[in-house]
file data.txt (compact mmCIF, N, CA and C atoms)
# COMPACT_ATOMS: atom_id res chain seq x y z
N MET A 1 0.84 -1.17 0.00
CA MET A 1 0.00 0.00 0.00
C MET A 1 0.89 1.24 0.00
N GLU A 2 0.71 2.08 -0.98
CA GLU A 2 1.51 3.28 -1.09
C GLU A 2 0.86 4.40 -0.29
N GLN A 3 1.66 5.10 0.51
CA GLN A 3 1.15 6.19 1.33
C GLN A 3 1.64 7.51 0.76
N ASN A 4 0.73 8.49 0.71
CA ASN A 4 1.16 9.80 0.24
C ASN A 4 1.84 10.57 1.37
N GLN A 5 2.31 11.75 1.07
CA GLN A 5 3.09 12.54 2.02
C GLN A 5 2.30 12.91 3.27
N ASP A 6 0.96 13.08 3.13
CA ASP A 6 0.14 13.53 4.25
C ASP A 6 -0.48 12.40 5.05
N SER A 7 -0.17 11.16 4.76
CA SER A 7 -0.80 10.05 5.48
C SER A 7 -0.10 9.82 6.82
N ILE A 8 -0.90 9.47 7.80
CA ILE A 8 -0.38 9.20 9.15
C ILE A 8 -1.28 8.19 9.82
N ARG A 9 -0.68 7.32 10.60
CA ARG A 9 -1.43 6.32 11.37
C ARG A 9 -2.22 7.01 12.46
N ILE A 10 -3.37 6.43 12.83
CA ILE A 10 -4.21 7.07 13.83
C ILE A 10 -3.54 7.10 15.19
N ASP A 11 -2.80 6.05 15.57
CA ASP A 11 -2.16 6.06 16.88
C ASP A 11 -1.09 7.16 16.95
N LYS A 12 -0.34 7.34 15.88
CA LYS A 12 0.68 8.37 15.85
C LYS A 12 0.05 9.77 15.85
N PHE A 13 -1.07 9.92 15.15
CA PHE A 13 -1.75 11.21 15.12
C PHE A 13 -2.28 11.58 16.50
N LEU A 14 -2.89 10.62 17.20
CA LEU A 14 -3.43 10.89 18.54
C LEU A 14 -2.32 11.31 19.50
N TRP A 15 -1.16 10.70 19.36
CA TRP A 15 -0.01 11.08 20.17
C TRP A 15 0.50 12.46 19.76
N ALA A 16 0.59 12.72 18.47
CA ALA A 16 1.15 13.97 17.95
C ALA A 16 0.32 15.18 18.33
N VAL A 17 -1.01 15.02 18.43
CA VAL A 17 -1.85 16.16 18.80
C VAL A 17 -2.17 16.15 20.30
N ARG A 18 -1.39 15.40 21.04
CA ARG A 18 -1.42 15.41 22.51
C ARG A 18 -2.72 14.93 23.14
N LEU A 19 -3.43 14.02 22.47
CA LEU A 19 -4.60 13.42 23.08
C LEU A 19 -4.18 12.26 23.99
N TYR A 20 -2.98 11.73 23.74
CA TYR A 20 -2.39 10.69 24.61
C TYR A 20 -0.94 11.06 24.87
N LYS A 21 -0.48 10.71 26.06
CA LYS A 21 0.87 11.09 26.50
C LYS A 21 1.96 10.35 25.73
N THR A 22 1.71 9.07 25.42
CA THR A 22 2.69 8.28 24.68
C THR A 22 2.00 7.60 23.50
N ARG A 23 2.80 7.21 22.53
CA ARG A 23 2.24 6.53 21.37
C ARG A 23 1.71 5.15 21.75
N SER A 24 2.38 4.51 22.70
CA SER A 24 1.90 3.18 23.10
C SER A 24 0.55 3.28 23.83
N LEU A 25 0.33 4.34 24.60
CA LEU A 25 -0.99 4.53 25.23
C LEU A 25 -2.06 4.76 24.17
N ALA A 26 -1.72 5.52 23.14
CA ALA A 26 -2.65 5.75 22.04
C ALA A 26 -2.96 4.44 21.32
N SER A 27 -1.94 3.66 21.06
CA SER A 27 -2.12 2.38 20.38
C SER A 27 -2.97 1.42 21.21
N ASP A 28 -2.73 1.38 22.52
CA ASP A 28 -3.51 0.53 23.41
C ASP A 28 -4.98 0.97 23.45
N ALA A 29 -5.22 2.27 23.43
CA ALA A 29 -6.59 2.78 23.45
C ALA A 29 -7.33 2.39 22.17
N VAL A 30 -6.64 2.48 21.04
CA VAL A 30 -7.25 2.10 19.77
C VAL A 30 -7.53 0.60 19.75
N ASP A 31 -6.55 -0.20 20.19
CA ASP A 31 -6.73 -1.65 20.27
C ASP A 31 -7.86 -2.03 21.22
N GLY A 32 -8.00 -1.28 22.30
CA GLY A 32 -9.01 -1.58 23.31
C GLY A 32 -10.41 -1.13 22.94
N GLY A 33 -10.58 -0.54 21.78
CA GLY A 33 -11.91 -0.14 21.34
C GLY A 33 -12.36 1.20 21.88
N LYS A 34 -11.47 1.97 22.46
CA LYS A 34 -11.84 3.28 23.01
C LYS A 34 -11.81 4.38 21.95
N VAL A 35 -11.29 4.07 20.77
CA VAL A 35 -11.19 5.05 19.70
C VAL A 35 -11.94 4.53 18.47
N HIS A 36 -12.79 5.41 17.90
CA HIS A 36 -13.52 5.08 16.68
C HIS A 36 -13.19 6.13 15.62
N LEU A 37 -13.01 5.69 14.41
CA LEU A 37 -12.75 6.58 13.29
C LEU A 37 -13.98 6.57 12.39
N ASN A 38 -14.62 7.72 12.26
CA ASN A 38 -15.86 7.84 11.48
C ASN A 38 -16.91 6.82 11.95
N ASP A 39 -17.07 6.73 13.27
CA ASP A 39 -18.04 5.85 13.93
C ASP A 39 -17.82 4.36 13.70
N VAL A 40 -16.59 3.97 13.37
CA VAL A 40 -16.25 2.56 13.18
C VAL A 40 -15.01 2.26 14.02
N ARG A 41 -15.07 1.14 14.75
CA ARG A 41 -13.90 0.73 15.52
C ARG A 41 -12.74 0.49 14.56
N THR A 42 -11.55 0.87 14.97
CA THR A 42 -10.42 0.83 14.04
C THR A 42 -9.21 0.16 14.67
N LYS A 43 -8.15 0.04 13.87
CA LYS A 43 -6.88 -0.51 14.34
C LYS A 43 -5.84 0.60 14.38
N PRO A 44 -4.77 0.43 15.17
CA PRO A 44 -3.76 1.48 15.29
C PRO A 44 -3.09 1.89 13.98
N ALA A 45 -3.01 1.00 13.02
CA ALA A 45 -2.32 1.30 11.77
C ALA A 45 -3.22 1.98 10.74
N LYS A 46 -4.48 2.23 11.06
CA LYS A 46 -5.40 2.85 10.12
C LYS A 46 -4.92 4.26 9.76
N ILE A 47 -4.92 4.56 8.48
CA ILE A 47 -4.48 5.86 7.99
C ILE A 47 -5.64 6.84 8.06
N ILE A 48 -5.39 8.03 8.60
CA ILE A 48 -6.43 9.04 8.69
C ILE A 48 -6.23 10.09 7.60
N THR A 49 -7.31 10.79 7.29
CA THR A 49 -7.26 11.86 6.29
C THR A 49 -7.97 13.09 6.85
N VAL A 50 -7.77 14.20 6.19
CA VAL A 50 -8.41 15.45 6.59
C VAL A 50 -9.92 15.28 6.48
N GLY A 51 -10.64 15.73 7.50
CA GLY A 51 -12.10 15.62 7.51
C GLY A 51 -12.63 14.44 8.29
N ASP A 52 -11.76 13.50 8.67
CA ASP A 52 -12.19 12.34 9.46
C ASP A 52 -12.65 12.79 10.84
N LEU A 53 -13.59 12.02 11.42
CA LEU A 53 -14.04 12.26 12.78
C LEU A 53 -13.48 11.17 13.68
N ILE A 54 -12.86 11.58 14.76
CA ILE A 54 -12.28 10.64 15.71
C ILE A 54 -13.08 10.75 17.01
N LYS A 55 -13.61 9.62 17.47
CA LYS A 55 -14.36 9.57 18.72
C LYS A 55 -13.53 8.82 19.75
N ILE A 56 -13.32 9.44 20.91
CA ILE A 56 -12.52 8.82 21.96
C ILE A 56 -13.39 8.69 23.21
N HIS A 57 -13.47 7.46 23.74
CA HIS A 57 -14.25 7.24 24.96
C HIS A 57 -13.39 7.57 26.17
N ARG A 58 -13.76 8.65 26.82
CA ARG A 58 -13.15 9.05 28.09
C ARG A 58 -14.29 9.09 29.08
N SER A 59 -14.36 8.07 29.90
CA SER A 59 -15.50 7.88 30.78
C SER A 59 -15.88 9.17 31.49
N PRO A 60 -17.11 9.54 31.54
CA PRO A 60 -18.33 8.85 31.12
C PRO A 60 -18.83 9.27 29.74
N ILE A 61 -18.02 9.98 28.94
CA ILE A 61 -18.52 10.50 27.67
C ILE A 61 -17.61 10.11 26.50
N TYR A 62 -18.11 10.36 25.30
CA TYR A 62 -17.31 10.24 24.08
C TYR A 62 -16.96 11.65 23.61
N ARG A 63 -15.68 11.93 23.48
CA ARG A 63 -15.25 13.22 22.93
C ARG A 63 -15.01 13.01 21.43
N THR A 64 -15.45 13.97 20.63
CA THR A 64 -15.35 13.87 19.19
C THR A 64 -14.45 14.98 18.65
N TYR A 65 -13.54 14.62 17.76
CA TYR A 65 -12.60 15.58 17.17
C TYR A 65 -12.63 15.44 15.65
N LYS A 66 -12.53 16.57 14.95
CA LYS A 66 -12.47 16.58 13.50
C LYS A 66 -11.03 16.86 13.09
N VAL A 67 -10.50 16.07 12.16
CA VAL A 67 -9.13 16.25 11.68
C VAL A 67 -9.12 17.42 10.69
N ILE A 68 -8.37 18.46 11.01
CA ILE A 68 -8.26 19.64 10.14
C ILE A 68 -7.06 19.50 9.20
N ALA A 69 -5.97 18.96 9.73
CA ALA A 69 -4.75 18.76 8.94
C ALA A 69 -3.98 17.61 9.55
N THR A 70 -3.15 16.96 8.75
CA THR A 70 -2.30 15.89 9.28
C THR A 70 -0.91 16.44 9.56
N LEU A 71 -0.16 15.72 10.34
CA LEU A 71 1.19 16.15 10.70
C LEU A 71 2.07 14.93 10.93
N LYS A 72 3.37 15.14 10.96
CA LYS A 72 4.31 14.03 11.11
C LYS A 72 4.88 13.93 12.52
N ASN A 73 5.11 15.07 13.17
CA ASN A 73 5.75 15.07 14.47
C ASN A 73 4.84 15.67 15.53
N ARG A 74 5.14 15.36 16.78
CA ARG A 74 4.38 15.90 17.91
C ARG A 74 4.55 17.41 17.96
N VAL A 75 3.46 18.10 18.25
CA VAL A 75 3.51 19.56 18.30
C VAL A 75 3.22 20.05 19.71
N GLY A 76 3.58 21.30 19.97
CA GLY A 76 3.30 21.91 21.26
C GLY A 76 1.80 22.15 21.42
N ALA A 77 1.36 22.28 22.65
CA ALA A 77 -0.06 22.44 22.94
C ALA A 77 -0.70 23.62 22.20
N PRO A 78 -0.05 24.77 22.08
CA PRO A 78 -0.70 25.88 21.37
C PRO A 78 -0.96 25.59 19.89
N GLN A 79 -0.17 24.72 19.25
CA GLN A 79 -0.34 24.42 17.83
C GLN A 79 -1.40 23.35 17.55
N VAL A 80 -1.89 22.67 18.57
CA VAL A 80 -2.83 21.56 18.37
C VAL A 80 -4.09 22.04 17.64
N VAL A 81 -4.55 23.26 17.91
CA VAL A 81 -5.78 23.75 17.28
C VAL A 81 -5.66 23.87 15.76
N GLN A 82 -4.46 23.83 15.23
CA GLN A 82 -4.27 23.87 13.77
C GLN A 82 -4.53 22.50 13.13
N TYR A 83 -4.59 21.45 13.95
CA TYR A 83 -4.70 20.10 13.41
C TYR A 83 -6.01 19.39 13.76
N ILE A 84 -6.60 19.72 14.91
CA ILE A 84 -7.88 19.11 15.28
C ILE A 84 -8.83 20.18 15.82
N GLN A 85 -10.12 19.87 15.71
CA GLN A 85 -11.15 20.73 16.26
C GLN A 85 -12.10 19.85 17.05
N GLU A 86 -12.37 20.23 18.30
CA GLU A 86 -13.30 19.43 19.09
C GLU A 86 -14.72 19.75 18.66
N VAL A 87 -15.47 18.71 18.31
CA VAL A 87 -16.86 18.86 17.88
C VAL A 87 -17.78 17.99 18.73
N THR A 88 -17.42 17.81 19.99
CA THR A 88 -18.22 17.01 20.91
C THR A 88 -19.59 17.65 21.06
N PRO A 89 -20.68 16.86 20.90
CA PRO A 89 -22.02 17.43 21.06
C PRO A 89 -22.25 17.95 22.48
N GLN A 90 -23.06 18.99 22.58
CA GLN A 90 -23.34 19.60 23.89
C GLN A 90 -23.98 18.59 24.84
N SER A 91 -24.76 17.65 24.31
CA SER A 91 -25.41 16.65 25.17
C SER A 91 -24.37 15.80 25.91
N GLU A 92 -23.26 15.48 25.24
CA GLU A 92 -22.19 14.71 25.89
C GLU A 92 -21.51 15.54 26.97
N LEU A 93 -21.27 16.82 26.69
CA LEU A 93 -20.64 17.69 27.68
C LEU A 93 -21.54 17.88 28.89
N ASP A 94 -22.86 17.90 28.67
CA ASP A 94 -23.80 18.00 29.79
C ASP A 94 -23.73 16.76 30.67
N LYS A 95 -23.56 15.58 30.03
CA LYS A 95 -23.40 14.34 30.81
C LYS A 95 -22.18 14.43 31.73
N LEU A 96 -21.09 14.97 31.19
CA LEU A 96 -19.86 15.11 31.97
C LEU A 96 -20.08 16.03 33.15
N GLU A 97 -20.74 17.16 32.92
CA GLU A 97 -20.99 18.11 34.00
C GLU A 97 -21.88 17.50 35.07
N THR A 98 -22.89 16.76 34.65
CA THR A 98 -23.80 16.11 35.59
C THR A 98 -23.06 15.09 36.44
N SER A 99 -22.20 14.31 35.82
CA SER A 99 -21.47 13.28 36.58
C SER A 99 -20.49 13.92 37.56
N GLN A 100 -19.89 15.04 37.18
CA GLN A 100 -18.96 15.71 38.08
C GLN A 100 -19.69 16.32 39.27
N MET A 101 -20.89 16.83 39.04
CA MET A 101 -21.66 17.43 40.13
C MET A 101 -22.17 16.38 41.10
N SER A 102 -22.44 15.17 40.60
CA SER A 102 -23.00 14.13 41.45
C SER A 102 -21.94 13.37 42.24
N GLU A 103 -20.67 13.62 41.93
CA GLU A 103 -19.60 12.94 42.66
C GLU A 103 -19.54 13.43 44.10
N VAL A 104 -19.50 12.47 45.02
CA VAL A 104 -19.38 12.80 46.42
C VAL A 104 -17.92 12.62 46.81
N VAL A 105 -17.36 13.62 47.41
CA VAL A 105 -15.96 13.55 47.80
C VAL A 105 -15.88 13.42 49.31
N TYR A 106 -15.15 12.43 49.76
CA TYR A 106 -14.94 12.23 51.18
C TYR A 106 -13.49 12.57 51.47
N TYR A 107 -13.28 13.44 52.42
CA TYR A 107 -11.93 13.90 52.73
C TYR A 107 -11.50 13.39 54.09
N ARG A 108 -10.31 12.77 54.13
CA ARG A 108 -9.67 12.38 55.38
C ARG A 108 -8.31 13.03 55.39
N PRO A 109 -8.00 13.74 56.46
CA PRO A 109 -6.68 14.38 56.53
C PRO A 109 -5.56 13.36 56.46
N LYS A 110 -4.48 13.71 55.78
CA LYS A 110 -3.34 12.82 55.64
C LYS A 110 -2.69 12.59 57.00
N GLY A 111 -2.31 11.36 57.22
CA GLY A 111 -1.61 11.02 58.45
C GLY A 111 -2.52 10.66 59.61
N THR A 112 -3.83 10.50 59.36
CA THR A 112 -4.74 10.16 60.46
C THR A 112 -4.89 8.66 60.64
N GLY A 113 -4.17 7.89 59.83
CA GLY A 113 -4.20 6.44 59.98
C GLY A 113 -5.40 5.81 59.30
N ARG A 114 -5.61 4.55 59.62
CA ARG A 114 -6.71 3.81 59.02
C ARG A 114 -8.03 4.32 59.57
N PRO A 115 -9.10 4.23 58.76
CA PRO A 115 -10.40 4.66 59.28
C PRO A 115 -10.88 3.72 60.39
N THR A 116 -11.50 4.29 61.39
CA THR A 116 -12.06 3.48 62.47
C THR A 116 -13.38 2.87 62.00
N LYS A 117 -13.96 2.03 62.83
CA LYS A 117 -15.23 1.42 62.47
C LYS A 117 -16.30 2.50 62.29
N LYS A 118 -16.27 3.50 63.15
CA LYS A 118 -17.22 4.61 63.07
C LYS A 118 -17.03 5.38 61.75
N ASP A 119 -15.75 5.62 61.39
CA ASP A 119 -15.46 6.31 60.13
C ASP A 119 -15.98 5.50 58.94
N ARG A 120 -15.80 4.19 58.97
CA ARG A 120 -16.25 3.35 57.87
C ARG A 120 -17.77 3.35 57.75
N ARG A 121 -18.48 3.38 58.88
CA ARG A 121 -19.94 3.46 58.84
C ARG A 121 -20.37 4.78 58.19
N GLN A 122 -19.67 5.87 58.54
CA GLN A 122 -20.01 7.16 57.94
C GLN A 122 -19.73 7.14 56.43
N LEU A 123 -18.64 6.50 56.04
CA LEU A 123 -18.34 6.36 54.62
C LEU A 123 -19.43 5.58 53.90
N ASP A 124 -19.89 4.50 54.52
CA ASP A 124 -20.94 3.70 53.92
C ASP A 124 -22.21 4.51 53.73
N GLU A 125 -22.52 5.40 54.68
CA GLU A 125 -23.71 6.25 54.54
C GLU A 125 -23.55 7.20 53.36
N VAL A 126 -22.35 7.73 53.17
CA VAL A 126 -22.10 8.66 52.08
C VAL A 126 -22.21 7.94 50.74
N TRP A 127 -21.69 6.73 50.64
CA TRP A 127 -21.66 6.00 49.38
C TRP A 127 -22.99 5.38 49.01
N ASP A 128 -23.85 5.17 49.98
CA ASP A 128 -25.16 4.53 49.69
C ASP A 128 -26.21 5.53 49.33
call {"tool": "encode", "arguments": {"input": "data.txt", "output": "structure tokens"}}
result
Amino acid sequence: MEQNQDSIRIDKFLWAVRLYKTRSLASDAVDGGKVHLNDVRTKPAKIITVGDLIKIHRSPIYRTYKVIATLKNRVGAPQVVQYIQEVTPQSELDKLETSQMSEVVYYRPKGTGRPTKKDRRQLDEVWD
């Protein structure tokens, strides 16, 4: 298969636009089914083109990005907007906000040791 100058693998692209910290993490995410290209599960070696939609499952939502341009090397954070555009639907972002608001945070000061039986009962009340 002959590749043109602008072709790039999806795992390398996800790493290059800083959606994943390492290329192996990007590759594992694609292999694990957390990344879809144009609403189809894909493999790490799949070649992307300008205009493709990339969906990434980041619990509890799917973030969607549109490929604006391809690139060969990793770029700095300020340059990422030249290569991808986030097009995540507002309904997905609302799900994220709702889940963050519903999270209950229990705080125990550092160095207080293991929770006592009373502390564990209080934790159980918070979690139930």
call {"tool": "residues_around", "arguments": {"input": "data.txt", "residues": "Pro44 in chain A", "least_positions_apart": "2", "cutoff": "12 Å", "atoms": "only C-alpha atoms", "output": "compact mmCIF listing (two decimals) with N, CA and C atoms, keeping the file's coordinate frame"}}
result
# COMPACT_ATOMS: atom_id res chain seq x y z
N ILE A 8 -0.90 9.47 7.80
CA ILE A 8 -0.38 9.20 9.15
C ILE A 8 -1.28 8.19 9.82
N ARG A 9 -0.68 7.32 10.60
CA ARG A 9 -1.43 6.32 11.37
C ARG A 9 -2.22 7.01 12.46
N ILE A 10 -3.37 6.43 12.83
CA ILE A 10 -4.21 7.07 13.83
C ILE A 10 -3.54 7.10 15.19
N ASP A 11 -2.80 6.05 15.57
CA ASP A 11 -2.16 6.06 16.88
C ASP A 11 -1.09 7.16 16.95
N LYS A 12 -0.34 7.34 15.88
CA LYS A 12 0.68 8.37 15.85
C LYS A 12 0.05 9.77 15.85
N PHE A 13 -1.07 9.92 15.15
CA PHE A 13 -1.75 11.21 15.12
C PHE A 13 -2.28 11.58 16.50
N LEU A 14 -2.89 10.62 17.20
CA LEU A 14 -3.43 10.89 18.54
C LEU A 14 -2.32 11.31 19.50
N TRP A 15 -1.16 10.70 19.36
CA TRP A 15 -0.01 11.08 20.17
C TRP A 15 0.50 12.46 19.76
N ARG A 23 2.80 7.21 22.53
CA ARG A 23 2.24 6.53 21.37
C ARG A 23 1.71 5.15 21.75
N SER A 24 2.38 4.51 22.70
CA SER A 24 1.90 3.18 23.10
C SER A 24 0.55 3.28 23.83
N LEU A 25 0.33 4.34 24.60
CA LEU A 25 -0.99 4.53 25.23
C LEU A 25 -2.06 4.76 24.17
N ALA A 26 -1.72 5.52 23.14
CA ALA A 26 -2.65 5.75 22.04
C ALA A 26 -2.96 4.44 21.32
N SER A 27 -1.94 3.66 21.06
CA SER A 27 -2.12 2.38 20.38
C SER A 27 -2.97 1.42 21.21
N ASP A 28 -2.73 1.38 22.52
CA ASP A 28 -3.51 0.53 23.41
C ASP A 28 -4.98 0.97 23.45
N ALA A 29 -5.22 2.27 23.43
CA ALA A 29 -6.59 2.78 23.45
C ALA A 29 -7.33 2.39 22.17
N VAL A 30 -6.64 2.48 21.04
CA VAL A 30 -7.25 2.10 19.77
C VAL A 30 -7.53 0.60 19.75
N ASP A 31 -6.55 -0.20 20.19
CA ASP A 31 -6.73 -1.65 20.27
C ASP A 31 -7.86 -2.03 21.22
N GLY A 32 -8.00 -1.28 22.30
CA GLY A 32 -9.01 -1.58 23.31
C GLY A 32 -10.41 -1.13 22.94
N GLY A 33 -10.58 -0.54 21.78
CA GLY A 33 -11.91 -0.14 21.34
C GLY A 33 -12.36 1.20 21.88
N LYS A 34 -11.47 1.97 22.46
CA LYS A 34 -11.84 3.28 23.01
C LYS A 34 -11.81 4.38 21.95
N VAL A 35 -11.29 4.07 20.77
CA VAL A 35 -11.19 5.05 19.70
C VAL A 35 -11.94 4.53 18.47
N HIS A 36 -12.79 5.41 17.90
CA HIS A 36 -13.52 5.08 16.68
C HIS A 36 -13.19 6.13 15.62
N LEU A 37 -13.01 5.69 14.41
CA LEU A 37 -12.75 6.58 13.29
C LEU A 37 -13.98 6.57 12.39
N ARG A 41 -15.07 1.14 14.75
CA ARG A 41 -13.90 0.73 15.52
C ARG A 41 -12.74 0.49 14.56
N THR A 42 -11.55 0.87 14.97
CA THR A 42 -10.42 0.83 14.04
C THR A 42 -9.21 0.16 14.67
N LYS A 46 -4.48 2.23 11.06
CA LYS A 46 -5.40 2.85 10.12
C LYS A 46 -4.92 4.26 9.76
N ILE A 47 -4.92 4.56 8.48
CA ILE A 47 -4.48 5.86 7.99
C ILE A 47 -5.64 6.84 8.06
N ILE A 48 -5.39 8.03 8.60
CA ILE A 48 -6.43 9.04 8.69
C ILE A 48 -6.23 10.09 7.60
call {"tool": "atom_distance", "arguments": {"input": "data.txt", "atom1": "atom C of Ala45 in chain A", "atom2": "CA of Pro89 in chain A"}}
result
26.4 Å
call {"tool": "select_by_dssp", "arguments": {"input": "data.txt", "residues": "range 37-98 of chain A", "states": "strand (DSSP E or B)", "output": "mmCIF file with N, CA and C atoms, keeping the file's coordinate frame"}}
result
data_model
loop_
_atom_site.group_PDB
_atom_site.id
_atom_site.type_symbol
_atom_site.label_atom_id
_atom_site.label_comp_id
_atom_site.auth_asym_id
_atom_site.auth_seq_id
_atom_site.Cartn_x
_atom_site.Cartn_y
_atom_site.Cartn_z
ATOM 1 N N LEU A 37 -13.010 5.690 14.410
ATOM 2 C CA LEU A 37 -12.750 6.580 13.290
ATOM 3 C C LEU A 37 -13.980 6.570 12.390
ATOM 4 N N VAL A 40 -16.590 3.970 13.370
ATOM 5 C CA VAL A 40 -16.250 2.560 13.180
ATOM 6 C C VAL A 40 -15.010 2.260 14.020
ATOM 7 N N ARG A 41 -15.070 1.140 14.750
ATOM 8 C CA ARG A 41 -13.900 0.730 15.520
ATOM 9 C C ARG A 41 -12.740 0.490 14.560
ATOM 10 N N ILE A 47 -4.920 4.560 8.480
ATOM 11 C CA ILE A 47 -4.480 5.860 7.990
ATOM 12 C C ILE A 47 -5.640 6.840 8.060
ATOM 13 N N ILE A 48 -5.390 8.030 8.600
ATOM 14 C CA ILE A 48 -6.430 9.040 8.690
ATOM 15 C C ILE A 48 -6.230 10.090 7.600
ATOM 16 N N LEU A 53 -13.590 12.020 11.420
ATOM 17 C CA LEU A 53 -14.040 12.260 12.780
ATOM 18 C C LEU A 53 -13.480 11.170 13.680
ATOM 19 N N ILE A 54 -12.860 11.580 14.760
ATOM 20 C CA ILE A 54 -12.280 10.640 15.710
ATOM 21 C C ILE A 54 -13.080 10.750 17.010
ATOM 22 N N LYS A 55 -13.610 9.620 17.470
ATOM 23 C CA LYS A 55 -14.360 9.570 18.720
ATOM 24 C C LYS A 55 -13.530 8.820 19.750
ATOM 25 N N ILE A 56 -13.320 9.440 20.910
ATOM 26 C CA ILE A 56 -12.520 8.820 21.960
ATOM 27 C C ILE A 56 -13.390 8.690 23.210
ATOM 28 N N HIS A 57 -13.470 7.460 23.740
ATOM 29 C CA HIS A 57 -14.250 7.240 24.960
ATOM 30 C C HIS A 57 -13.390 7.570 26.170
ATOM 31 N N ARG A 58 -13.760 8.650 26.820
ATOM 32 C CA ARG A 58 -13.150 9.050 28.090
ATOM 33 C C ARG A 58 -14.290 9.090 29.080
ATOM 34 N N ILE A 61 -18.020 9.980 28.940
ATOM 35 C CA ILE A 61 -18.520 10.500 27.670
ATOM 36 C C ILE A 61 -17.610 10.110 26.500
ATOM 37 N N TYR A 62 -18.110 10.360 25.300
ATOM 38 C CA TYR A 62 -17.310 10.240 24.080
ATOM 39 C C TYR A 62 -16.960 11.650 23.610
ATOM 40 N N ARG A 63 -15.680 11.930 23.480
ATOM 41 C CA ARG A 63 -15.250 13.220 22.930
ATOM 42 C C ARG A 63 -15.010 13.010 21.430
ATOM 43 N N THR A 64 -15.450 13.970 20.630
ATOM 44 C CA THR A 64 -15.350 13.870 19.190
ATOM 45 C C THR A 64 -14.450 14.980 18.650
ATOM 46 N N TYR A 65 -13.540 14.620 17.760
ATOM 47 C CA TYR A 65 -12.600 15.580 17.170
ATOM 48 C C TYR A 65 -12.630 15.440 15.650
ATOM 49 N N LYS A 66 -12.530 16.570 14.950
ATOM 50 C CA LYS A 66 -12.470 16.580 13.500
ATOM 51 C C LYS A 66 -11.030 16.860 13.090
ATOM 52 N N VAL A 67 -10.500 16.070 12.160
ATOM 53 C CA VAL A 67 -9.130 16.250 11.680
ATOM 54 C C VAL A 67 -9.120 17.420 10.690
ATOM 55 N N ILE A 84 -6.600 19.720 14.910
ATOM 56 C CA ILE A 84 -7.880 19.110 15.280
ATOM 57 C C ILE A 84 -8.830 20.180 15.820
ATOM 58 N N GLN A 85 -10.120 19.870 15.710
ATOM 59 C CA GLN A 85 -11.150 20.730 16.260
ATOM 60 C C GLN A 85 -12.100 19.850 17.050
ATOM 61 N N GLU A 86 -12.370 20.230 18.300
ATOM 62 C CA GLU A 86 -13.300 19.430 19.090
ATOM 63 C C GLU A 86 -14.720 19.750 18.660
#
call {"tool": "residues_around", "arguments": {"input": "data.txt", "residues": "Leu93 in chain A", "least_positions_apart": "4", "cutoff": "12 Å", "atoms": "only C-alpha atoms", "output": "short mmCIF file (atom, residue, chain, number, x, y, z; two decimals) with N, CA and C atoms, keeping the file's coordinate frame"}}
result
data_model
loop_
_atom_site.label_atom_id
_atom_site.label_comp_id
_atom_site.auth_asym_id
_atom_site.auth_seq_id
_atom_site.Cartn_x
_atom_site.Cartn_y
_atom_site.Cartn_z
N ARG A 58 -13.76 8.65 26.82
CA ARG A 58 -13.15 9.05 28.09
C ARG A 58 -14.29 9.09 29.08
N SER A 59 -14.36 8.07 29.90
CA SER A 59 -15.50 7.88 30.78
C SER A 59 -15.88 9.17 31.49
N PRO A 60 -17.11 9.54 31.54
CA PRO A 60 -18.33 8.85 31.12
C PRO A 60 -18.83 9.27 29.74
N ILE A 61 -18.02 9.98 28.94
CA ILE A 61 -18.52 10.50 27.67
C ILE A 61 -17.61 10.11 26.50
N TYR A 62 -18.11 10.36 25.30
CA TYR A 62 -17.31 10.24 24.08
C TYR A 62 -16.96 11.65 23.61
N ARG A 63 -15.68 11.93 23.48
CA ARG A 63 -15.25 13.22 22.93
C ARG A 63 -15.01 13.01 21.43
N THR A 64 -15.45 13.97 20.63
CA THR A 64 -15.35 13.87 19.19
C THR A 64 -14.45 14.98 18.65
N GLU A 86 -12.37 20.23 18.30
CA GLU A 86 -13.30 19.43 19.09
C GLU A 86 -14.72 19.75 18.66
N VAL A 87 -15.47 18.71 18.31
CA VAL A 87 -16.86 18.86 17.88
C VAL A 87 -17.78 17.99 18.73
N THR A 88 -17.42 17.81 19.99
CA THR A 88 -18.22 17.01 20.91
C THR A 88 -19.59 17.65 21.06
N PRO A 89 -20.68 16.86 20.90
CA PRO A 89 -22.02 17.43 21.06
C PRO A 89 -22.25 17.95 22.48
N GLU A 97 -20.74 17.16 32.92
CA GLU A 97 -20.99 18.11 34.00
C GLU A 97 -21.88 17.50 35.07
N THR A 98 -22.89 16.76 34.65
CA THR A 98 -23.80 16.11 35.59
C THR A 98 -23.06 15.09 36.44
N SER A 99 -22.20 14.31 35.82
CA SER A 99 -21.47 13.28 36.58
C SER A 99 -20.49 13.92 37.56
N GLN A 100 -19.89 15.04 37.18
CA GLN A 100 -18.96 15.71 38.08
C GLN A 100 -19.69 16.32 39.27
#
call {"tool": "atom_distance", "arguments": {"input": "data.txt", "atom1": "CA of Lys55 in chain A", "atom2": "atom C of Val80 in chain A"}}
result
16.2 Å
call {"tool": "select_by_dssp", "arguments": {"input": "data.txt", "residues": "chain A", "states": "helix (DSSP H, G or I)", "output": "JSON, numbers by chain"}}
result
{"A": [10, 11, 12, 13, 14, 15, 16, 23, 24, 25, 26, 27, 28, 29, 30, 31, 77, 78, 79, 80, 81, 82, 90, 91, 92, 93, 94, 95, 96, 97, 98, 99, 100, 101, 102, 117, 118, 119, 120, 121, 122, 123, 124, 125, 126, 127]}
call {"tool": "atom_distance", "arguments": {"input": "data.txt", "atom1": "atom N of Lys43 in chain A", "atom2": "atom C of His57 in chain A"}}
result
15.3 Å
call {"tool": "axis_aligned_box", "arguments": {"input": "data.txt", "around": "range 42-58 of chain A", "padding_each_side": "5 Å", "output": "JSON"}}
result
{"center_x": -8.3, "center_y": 7.6, "center_z": 17.6, "size_x": 22.0, "size_y": 26.2, "size_z": 32.9}
call {"tool": "residues_around", "arguments": {"input": "data.txt", "residues": "Asp6 in chain A", "least_positions_apart": "3", "cutoff": "7 Å", "atoms": "all atoms listed in the file", "output": "list in words"}}
result
Gln3, Ile48, Thr49, Thr70 and Leu71 of chain A
